[in-house]
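Data from run16.cif: mmCIF, C-alpha atoms and all ligand atoms
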data_final
#
loop_
_atom_site.label_atom_id
_atom_site.label_comp_id
_atom_site.auth_asym_id
_atom_site.auth_seq_id
_atom_site.Cartn_x
_atom_site.Cartn_y
_atom_site.Cartn_z
CA MET A 504 1.09 18.55 5.25
CA ARG A 505 0.91 14.98 4.03
CA LYS A 506 2.29 14.50 0.53
CA PRO A 507 -0.07 12.40 -1.62
CA ILE A 508 1.12 9.03 -2.92
CA ILE A 509 -0.18 7.11 -5.88
CA ALA A 510 1.16 3.54 -5.71
CA GLY A 511 0.59 0.79 -8.23
CA ASN A 512 0.23 -2.76 -6.98
CA TRP A 513 0.90 -4.96 -9.98
CA LYS A 514 0.05 -8.12 -8.01
CA MET A 515 1.11 -11.22 -10.03
CA ASN A 516 1.40 -9.39 -13.34
CA LYS A 517 4.17 -8.50 -15.81
CA THR A 518 7.22 -10.41 -16.97
CA GLN A 519 10.53 -8.56 -17.27
CA LYS A 520 9.82 -7.85 -20.94
CA GLU A 521 6.46 -6.33 -20.00
CA THR A 522 8.06 -4.39 -17.14
CA LYS A 523 10.59 -2.88 -19.52
CA ASP A 524 7.92 -1.79 -21.99
CA PHE A 525 5.68 -0.43 -19.25
CA LEU A 526 8.32 1.64 -17.44
CA THR A 527 9.71 3.01 -20.71
CA GLU A 528 6.23 4.30 -21.46
CA LEU A 529 5.40 5.48 -17.93
CA LYS A 530 8.55 7.44 -17.03
CA PRO A 531 8.00 10.48 -19.28
CA MET A 532 4.26 10.47 -18.52
CA VAL A 533 4.70 11.05 -14.78
CA GLN A 534 7.99 12.95 -14.61
CA ASP A 535 6.20 16.15 -13.56
CA ALA A 536 3.93 14.44 -10.99
CA ALA A 537 3.03 16.49 -7.93
CA CYS A 538 2.64 13.36 -5.78
CA ASP A 539 4.94 10.50 -4.83
CA VAL A 540 4.70 7.81 -7.51
CA VAL A 541 5.43 4.20 -6.54
CA VAL A 542 5.29 0.92 -8.44
CA CYS A 543 5.11 -2.29 -6.39
CA VAL A 544 6.24 -5.01 -8.75
CA PRO A 545 6.75 -8.79 -8.46
CA PHE A 546 10.06 -9.88 -6.90
CA THR A 547 11.35 -11.10 -10.26
CA ASP A 548 10.97 -7.61 -11.77
CA LEU A 549 12.63 -5.64 -8.96
CA THR A 550 16.22 -5.62 -10.21
CA LEU A 551 15.27 -4.63 -13.73
CA ALA A 552 12.80 -2.00 -12.50
CA LYS A 553 15.44 -0.51 -10.18
CA LYS A 554 17.86 -0.18 -13.07
CA MET A 555 15.23 1.38 -15.29
CA LEU A 556 14.02 3.84 -12.64
CA LYS A 557 17.48 5.26 -11.94
CA GLY A 558 17.25 9.04 -12.12
CA SER A 559 13.47 9.02 -12.40
CA ASN A 560 10.91 10.23 -9.85
CA ILE A 561 9.22 6.82 -9.70
CA LYS A 562 9.93 4.89 -6.50
CA LEU A 563 10.15 1.14 -6.23
CA GLY A 564 8.18 -1.17 -3.96
CA ALA A 565 7.83 -4.91 -3.34
CA GLN A 566 4.64 -6.75 -2.46
CA ASN A 567 5.72 -8.67 0.65
CA VAL A 568 8.65 -9.32 2.97
CA HIS A 569 9.35 -12.03 5.51
CA PHE A 570 10.05 -11.31 9.18
CA ALA A 571 13.07 -13.57 9.64
CA GLU A 572 16.56 -12.42 8.69
CA SER A 573 17.22 -15.66 6.82
CA GLY A 574 16.57 -19.35 7.14
CA ALA A 575 14.31 -22.22 6.15
CA TYR A 576 11.34 -20.29 4.75
CA THR A 577 10.92 -21.65 1.24
CA GLY A 578 9.46 -19.14 -1.16
CA GLU A 579 9.97 -16.10 1.07
CA ILE A 580 12.12 -12.97 0.65
CA SER A 581 13.92 -11.10 3.45
CA ALA A 582 14.17 -7.39 4.12
CA ALA A 583 17.95 -7.53 3.50
CA MET A 584 17.30 -8.97 0.04
CA LEU A 585 15.00 -6.05 -0.75
CA LYS A 586 17.43 -3.52 0.70
CA GLU A 587 20.19 -4.86 -1.50
CA ILE A 588 18.10 -3.95 -4.56
CA LYS A 589 17.39 -0.55 -2.93
CA VAL A 590 13.67 -1.14 -2.78
CA GLU A 591 12.02 1.67 -0.80
CA TYR A 592 8.44 0.53 -0.12
CA VAL A 593 6.83 -2.82 0.64
CA ILE A 594 3.15 -3.75 0.75
CA ILE A 595 2.30 -5.82 3.83
CA GLY A 596 -0.91 -7.64 4.75
CA HIS A 597 -2.75 -7.13 1.48
CA SER A 598 -6.19 -8.75 1.73
CA GLU A 599 -5.18 -11.26 -0.95
CA ARG A 600 -2.31 -12.35 1.32
CA ARG A 601 -4.69 -12.54 4.26
CA GLN A 602 -7.33 -14.42 2.24
CA TYR A 603 -5.23 -16.88 0.21
CA PHE A 604 -1.95 -17.20 2.10
CA GLY A 605 -2.98 -17.24 5.73
CA GLU A 606 -1.60 -13.86 6.77
CA THR A 607 -2.91 -12.68 10.11
CA ASN A 608 -2.58 -9.42 12.01
CA GLU A 609 0.25 -11.08 13.91
CA THR A 610 2.27 -12.02 10.82
CA VAL A 611 1.52 -8.60 9.33
CA ASN A 612 2.89 -7.01 12.50
CA LYS A 613 6.05 -9.14 12.39
CA ARG A 614 6.63 -8.48 8.69
CA ALA A 615 6.12 -4.75 9.19
CA ALA A 616 8.58 -4.77 12.11
CA ALA A 617 11.20 -6.44 9.91
CA ALA A 618 10.55 -3.88 7.16
CA LEU A 619 10.95 -0.99 9.60
CA GLU A 620 14.11 -2.48 11.06
CA ALA A 621 15.56 -2.47 7.53
CA LYS A 622 14.37 1.13 6.98
CA LEU A 623 11.86 0.11 4.34
CA LYS A 624 8.53 1.94 4.16
CA PRO A 625 5.75 -0.56 4.86
CA ILE A 626 2.36 0.01 3.24
CA ILE A 627 0.18 -1.82 5.76
CA CYS A 628 -3.22 -2.88 4.42
CA VAL A 629 -6.47 -3.13 6.34
CA GLY A 630 -10.08 -3.42 5.24
CA GLU A 631 -13.37 -5.13 5.95
CA THR A 632 -15.10 -7.84 3.91
CA LEU A 633 -18.57 -7.38 2.44
CA ALA A 634 -20.12 -9.59 5.15
CA GLU A 635 -18.43 -7.56 7.89
CA ARG A 636 -19.64 -4.31 6.33
CA GLU A 637 -23.19 -5.59 6.00
CA GLU A 638 -23.15 -6.68 9.63
CA GLY A 639 -22.21 -3.10 10.57
CA ARG A 640 -18.81 -4.25 11.86
CA THR A 641 -16.52 -2.12 9.64
CA GLU A 642 -15.11 0.03 12.44
CA GLU A 643 -14.68 -2.88 14.83
CA VAL A 644 -12.76 -4.84 12.17
CA LEU A 645 -10.57 -1.87 11.23
CA PHE A 646 -9.84 -1.17 14.89
CA THR A 647 -8.66 -4.72 15.59
CA GLN A 648 -6.61 -4.93 12.40
CA LEU A 649 -4.91 -1.61 13.18
CA VAL A 650 -4.19 -2.22 16.84
CA GLU A 651 -2.81 -5.71 16.22
CA SER A 652 -0.93 -4.96 12.99
CA LEU A 653 0.70 -1.81 14.41
CA LYS A 654 1.45 -3.25 17.84
CA GLY A 655 4.69 -2.07 19.40
CA PHE A 656 5.56 0.56 16.83
CA ARG A 657 7.03 3.79 18.11
CA SER A 658 6.47 7.36 17.08
CA LYS A 659 9.48 7.51 14.79
CA ASP A 660 8.36 4.34 12.97
CA PHE A 661 5.38 6.33 11.75
CA ASP A 662 7.71 8.55 9.70
CA ARG A 663 7.81 5.54 7.37
CA ILE A 664 4.57 3.66 7.97
CA ILE A 665 1.82 4.12 5.40
CA VAL A 666 -1.63 2.65 5.95
CA ALA A 667 -3.83 1.52 3.06
CA TYR A 668 -7.57 1.16 3.55
CA GLU A 669 -8.72 -1.47 1.09
CA PRO A 670 -12.29 -2.64 1.60
CA VAL A 671 -12.17 -6.24 0.38
CA TRP A 672 -15.49 -5.90 -1.47
CA ALA A 673 -14.07 -3.09 -3.63
CA ILE A 674 -10.93 -4.92 -4.77
CA GLY A 675 -10.96 -6.05 -8.37
CA THR A 676 -14.75 -5.85 -8.44
CA GLY A 677 -15.23 -2.54 -10.21
CA ARG A 678 -17.24 -1.56 -7.16
CA THR A 679 -15.48 1.46 -5.62
CA ALA A 680 -16.30 2.77 -2.18
CA SER A 681 -18.01 6.11 -2.62
CA PRO A 682 -15.63 8.99 -1.91
CA GLU A 683 -17.69 9.78 1.20
CA ASP A 684 -17.58 6.19 2.51
CA ALA A 685 -13.85 5.91 1.84
CA ASN A 686 -13.29 9.24 3.56
CA LYS A 687 -15.34 8.15 6.56
CA SER A 688 -13.43 4.89 7.04
CA ILE A 689 -10.08 6.59 6.56
CA GLY A 690 -11.16 9.28 9.02
CA PHE A 691 -11.93 6.48 11.47
CA ILE A 692 -8.47 4.94 10.89
CA ARG A 693 -6.91 8.33 11.57
CA LYS A 694 -8.94 8.62 14.77
CA VAL A 695 -7.61 5.24 15.92
CA LEU A 696 -4.06 6.45 15.23
CA TYR A 697 -4.81 9.57 17.30
CA THR A 698 -6.25 7.70 20.24
CA LYS A 699 -4.10 4.53 20.32
CA PHE A 700 -0.86 6.29 19.41
CA SER A 701 -0.81 10.11 19.42
CA ALA A 702 -2.19 13.22 17.77
CA VAL A 703 1.12 13.72 15.96
CA ILE A 704 0.96 10.20 14.53
CA GLY A 705 -2.68 10.65 13.52
CA GLU A 706 -1.79 13.88 11.79
CA LYS A 707 1.35 12.78 9.97
CA THR A 708 0.51 9.23 8.83
CA ARG A 709 -0.45 8.94 5.19
CA ILE A 710 -3.52 6.79 4.62
CA LEU A 711 -4.31 5.55 1.13
CA TYR A 712 -7.50 4.22 -0.39
CA GLY A 713 -7.45 1.09 -2.56
CA GLY A 714 -10.21 -0.75 -4.39
CA SER A 715 -11.16 -0.23 -8.05
CA MET A 716 -9.58 3.22 -8.07
CA ASN A 717 -8.98 4.37 -11.65
CA ALA A 718 -8.63 7.35 -13.97
CA SER A 719 -12.31 8.21 -13.78
CA ASN A 720 -12.82 8.15 -10.01
CA ALA A 721 -9.37 9.22 -8.75
CA SER A 722 -10.04 12.95 -8.59
CA ALA A 723 -13.26 12.57 -6.57
CA LEU A 724 -11.52 10.23 -4.12
CA MET A 725 -8.42 12.41 -3.84
CA ALA A 726 -10.58 15.49 -3.20
CA GLN A 727 -11.61 13.98 0.14
CA GLU A 728 -9.88 15.49 3.12
CA GLU A 729 -8.71 12.27 4.78
CA ILE A 730 -7.54 10.42 1.66
CA ASP A 731 -3.80 10.86 1.10
CA GLY A 732 -3.40 8.69 -1.95
CA GLY A 733 -4.28 5.49 -3.70
CA LEU A 734 -3.11 1.90 -3.94
CA ILE A 735 -4.06 0.96 -7.46
CA GLY A 736 -4.42 -2.60 -8.74
CA GLY A 737 -5.94 -3.18 -12.18
CA ALA A 738 -5.63 0.44 -13.29
CA SER A 739 -1.88 0.43 -12.57
CA LEU A 740 -1.20 -2.15 -15.29
CA SER A 741 -1.62 0.27 -18.19
CA ALA A 742 0.88 3.15 -18.26
CA GLU A 743 -1.68 5.49 -19.79
CA GLU A 744 -4.37 4.74 -17.22
CA PHE A 745 -1.94 4.81 -14.29
CA SER A 746 -0.47 8.14 -15.38
CA LYS A 747 -4.00 9.58 -15.45
CA VAL A 748 -4.48 8.47 -11.86
CA VAL A 749 -1.11 10.04 -10.97
CA HIS A 750 -2.33 13.30 -12.49
CA TYR A 751 -5.74 13.07 -10.78
P1 LIG A 801 -7.99 -3.03 -7.84
O1 LIG A 801 -7.57 -1.60 -8.07
O2 LIG A 801 -7.72 -3.93 -8.99
O3 LIG A 801 -9.38 -3.11 -7.31
O4 LIG A 801 -7.04 -3.57 -6.67
C1 LIG A 801 -6.87 -2.80 -5.55
C2 LIG A 801 -5.79 -3.38 -4.75
O5 LIG A 801 -5.92 -4.47 -4.24
C3 LIG A 801 -4.54 -2.62 -4.63
O6 LIG A 801 -3.70 -3.19 -3.69
#
As structure tokens - that is how I would like this structure written.
Amino acid sequence: MRKPIIAGNWKMNKTQKETKDFLTELKPMVQDAACDVVVCVPFTDLTLAKKMLKGSNIKLGAQNVHFAESGAYTGEISAAMLKEIKVEYVIIGHSERRQYFGETNETVNKRAAAALEAKLKPIICVGETLAEREEGRTEEVLFTQLVESLKGFRSKDFDRIIVAYEPVWAIGTGRTASPEDANKSIGFIRKVLYTKFSAVIGEKTRILYGGSMNASNASALMAQEEIDGGLIGGASLSAEEFSKVVHY
């Protein structure tokens, strides 16, 4: 069985002071969680968060990683740098990275390969835009993103790969995909994993939903058969709200 994950993506939010206050509040609230709990924090908060999460059930994630080992890549962070802090997860190919920072399926694939090489757990994001959905191209877009972003990965890599389905039109808009629509797209993603990789990979890979998921819609989304968890943006910034999602 696939263990559910609720992961917070803080995006560009929280100073160290705010991180300290937030995690102090969150830790006791989720200590009995039945799912994996992850917080993906800005690079500048990682060291402090790691220290604060020692001995707790909350796992730590970053929001990006570069594919090179080191070198002239101003503003980037390597997998070894994340490993040193004992980060466990890393979000790769978030639609905001694709939209504002020129990430492509190819760079997503290279970043994910570097993450896997370092034994990090990549949370690889895919999802269609509103225009693509309205043109009836959702499945075509998801197929291409998956095949190109996951290119070359082997069966054992999928012990660590997590896929997040984040329809771009649902991110930060308050407009959630209906549980049925989210389930259908995630079911399609699983089918692609089955057919392009293997039945075992389709069965074992955890696929999360992301896009305006919050305390009031989490249980309906999590009740869907194909949905293995959530990648939570806005609702992960308040400890109280995030803990309610964790306890969906
Ligand atoms: P919101 O939950 O704010 O819509 O963001 C979703 C997201 O992008 C998580 O990665």
Original post:
For ligand LIG 801 (chain A), which of A:Lys747, A:Lys530, A:Arg600, A:Lys517 is the closest residue, counting all atoms listed in the file?
Top reply: A:Arg600
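Separating CA of Gln727 (chain A) from CA of Lys624 (chain A) is a distance of 23.8 Å.
Near ligand LIG 801 (chain A), the residues found within 6 Å are Asn512, Ala673, Ile674, Gly675, Gly713, Gly714, Ser715, Met716, Leu734, Ile735, Gly736, Gly737 and Ala738 of chain A (criterion computed using only C-alpha atoms and all ligand atoms).
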Original post:
Which protein, DNA or RNA residues have an atom at most 6 Å from (-7.3, 4.2, -12.4), counting only C-alpha atoms? List them as number ranges by chain.
Top reply: A: 716-718, 738, 744-745, 748
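Residue neighbourhood of Lys589 (chain A), excluding near-sequence residues (fewer than 3 positions): Leu549, Thr550, Lys553, Lys562, Leu563, Gly564, Ala583, Met584, Leu585, Lys586, Tyr592 and Leu623 of chain A, at 10 Å, using all atoms listed in the file.
If all atoms listed in the file are the atoms counted, then among A:Ile580, A:Leu633, A:Ile704, A:Cys628 the closest residue to Gln648 (chain A) is A:Cys628.
Interatomic distance, CA of Leu526 (chain A) against CA of Gly558 (chain A): 12.8 Å.
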Region 605-623 of chain A, all listed atoms, 6 Å padding on each side: what axis-aligned box centre and edge lengths in Å to one decimal come out, as lines of an AutoDock Vina configuration file?
center_x = 6.3
center_y = -8.1
center_z = 9.1
size_x = 30.5
size_y = 30.4
size_z = 21.6
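When all atoms listed in the file are used to compute distances to Glu528 (chain A), the closest of the residues A:Asn720, A:Ser741, A:Asn516, A:Thr632 turns out to be A:Ser741.
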**OP:** Can you pull out every residue within 9 Å of Ser598 (chain A), counting only C-alpha atoms, but drop anything in the same chain fewer than 4 positions away, and send it as a PyMOL selection string?
**Re:** chain A and resi 602-603+606+628-630+669-671+674
Selection to disk with C-alpha atoms, as an mmCIF file, in the frame of the given file:
data_model
loop_
_atom_site.group_PDB
_atom_site.id
_atom_site.type_symbol
_atom_site.label_atom_id
_atom_site.label_comp_id
_atom_site.auth_asym_id
_atom_site.auth_seq_id
_atom_site.Cartn_x
_atom_site.Cartn_y
_atom_site.Cartn_z
ATOM 1 C CA GLN A 602 -7.330 -14.420 2.240
ATOM 2 C CA TYR A 603 -5.230 -16.880 0.210
ATOM 3 C CA GLU A 606 -1.600 -13.860 6.770
ATOM 4 C CA CYS A 628 -3.220 -2.880 4.420
ATOM 5 C CA VAL A 629 -6.470 -3.130 6.340
ATOM 6 C CA GLY A 630 -10.080 -3.420 5.240
ATOM 7 C CA GLU A 669 -8.720 -1.470 1.090
ATOM 8 C CA PRO A 670 -12.290 -2.640 1.600
ATOM 9 C CA VAL A 671 -12.170 -6.240 0.380
ATOM 10 C CA ILE A 674 -10.930 -4.920 -4.770
#
Subject >> Asn608 (chain A) surroundings by all atoms listed in the file, 8 Å radius, close-in-sequence under 6 positions cut, as a list in words >> reply: Gly596, Gln648, Glu651 and Ser652 of chain A
Could you save the residues just selected, with C-alpha atoms, as a PDB file, in the coordinates of the input?
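Result went into selection11.pdb, see below:
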ATOM      1  CA  GLY A 596      -0.910  -7.640   4.750  1.00  0.00           C
ATOM      2  CA  GLN A 648      -6.610  -4.930  12.400  1.00  0.00           C
ATOM      3  CA  GLU A 651      -2.810  -5.710  16.220  1.00  0.00           C
ATOM      4  CA  SER A 652      -0.930  -4.960  12.990  1.00  0.00           C
TER       5      SER A 652
END
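Among the candidates A:Thr527, A:Thr679, A:Thr577, A:Ser739, the residue lying nearest to Val541 (chain A) is A:Ser739 (atoms considered: only C-alpha atoms).
All residues of protein, DNA or RNA that reach within 7 Å of Asn686 (chain A), judged by only C-alpha atoms and not counting those fewer than 2 positions away in the chain, are Pro682, Glu683, Asp684, Ser688, Ile689, Gly690, Gln727, Glu729 and Ile730 of chain A.
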Subject >> Long-range neighbours of Gly733 (chain A) as a PyMOL selection string, 7 Å cut-off, only C-alpha atoms, 6 positions minimum in chain >> reply: chain A and resi 508-510+711-713
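Nearest residue to Ile665 (chain A) among A:Arg505, A:Lys520, A:Lys554, A:Lys613 is A:Arg505, counting all atoms listed in the file.
Separating CA of Val542 (chain A) from CA of Glu743 (chain A) is a distance of 14.1 Å.
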Is it possible to produce a file of region 621-642 of chain A from this structure, with N, CA and C atoms, as a compact mmCIF listing (two decimals), in the first residue's frame?
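Output saved as out.txt:
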# COMPACT_ATOMS: atom_id res chain seq x y z
N ALA A 621 21.90 11.59 -5.58
CA ALA A 621 22.27 11.95 -4.20
C ALA A 621 21.35 11.29 -3.16
N LYS A 622 20.47 10.41 -3.65
CA LYS A 622 19.52 9.70 -2.77
C LYS A 622 18.51 10.63 -2.09
N LEU A 623 18.23 11.75 -2.76
CA LEU A 623 17.12 12.60 -2.32
C LEU A 623 15.83 12.04 -2.92
N LYS A 624 14.70 12.45 -2.37
CA LYS A 624 13.41 12.02 -2.92
C LYS A 624 12.79 13.18 -3.71
N PRO A 625 12.85 13.10 -5.03
CA PRO A 625 12.30 14.21 -5.83
C PRO A 625 10.78 14.16 -5.89
N ILE A 626 10.17 15.31 -5.69
CA ILE A 626 8.72 15.46 -5.89
C ILE A 626 8.57 16.17 -7.23
N ILE A 627 8.30 15.41 -8.28
CA ILE A 627 8.32 15.94 -9.64
C ILE A 627 6.92 16.41 -10.03
N CYS A 628 6.84 17.71 -10.39
CA CYS A 628 5.52 18.32 -10.62
C CYS A 628 5.15 18.35 -12.10
N VAL A 629 3.91 18.02 -12.37
CA VAL A 629 3.34 18.14 -13.72
C VAL A 629 1.95 18.75 -13.60
N GLY A 630 1.44 19.28 -14.70
CA GLY A 630 0.08 19.83 -14.66
C GLY A 630 -0.17 20.71 -15.86
N GLU A 631 -1.42 20.75 -16.27
CA GLU A 631 -1.80 21.50 -17.46
C GLU A 631 -2.23 22.92 -17.09
N THR A 632 -2.12 23.83 -18.05
CA THR A 632 -2.63 25.20 -17.85
C THR A 632 -4.13 25.22 -18.15
N LEU A 633 -4.76 26.33 -17.84
CA LEU A 633 -6.20 26.47 -18.11
C LEU A 633 -6.47 26.35 -19.62
N ALA A 634 -5.63 27.03 -20.43
CA ALA A 634 -5.85 27.00 -21.88
C ALA A 634 -5.74 25.56 -22.39
N GLU A 635 -4.74 24.84 -21.90
CA GLU A 635 -4.56 23.45 -22.34
C GLU A 635 -5.76 22.58 -21.94
N ARG A 636 -6.27 22.83 -20.74
CA ARG A 636 -7.44 22.07 -20.29
C ARG A 636 -8.65 22.37 -21.17
N GLU A 637 -8.83 23.68 -21.43
CA GLU A 637 -10.01 24.06 -22.22
C GLU A 637 -9.92 23.57 -23.66
N GLU A 638 -8.70 23.38 -24.14
CA GLU A 638 -8.54 22.82 -25.49
C GLU A 638 -8.65 21.30 -25.49
N GLY A 639 -8.92 20.71 -24.32
CA GLY A 639 -9.06 19.26 -24.24
C GLY A 639 -7.73 18.52 -24.33
N ARG A 640 -6.63 19.24 -23.98
CA ARG A 640 -5.29 18.65 -24.16
C ARG A 640 -4.66 18.18 -22.85
N THR A 641 -5.43 18.08 -21.77
CA THR A 641 -4.86 17.74 -20.47
C THR A 641 -4.01 16.46 -20.53
N GLU A 642 -4.57 15.40 -21.08
CA GLU A 642 -3.85 14.11 -21.06
C GLU A 642 -2.61 14.14 -21.94
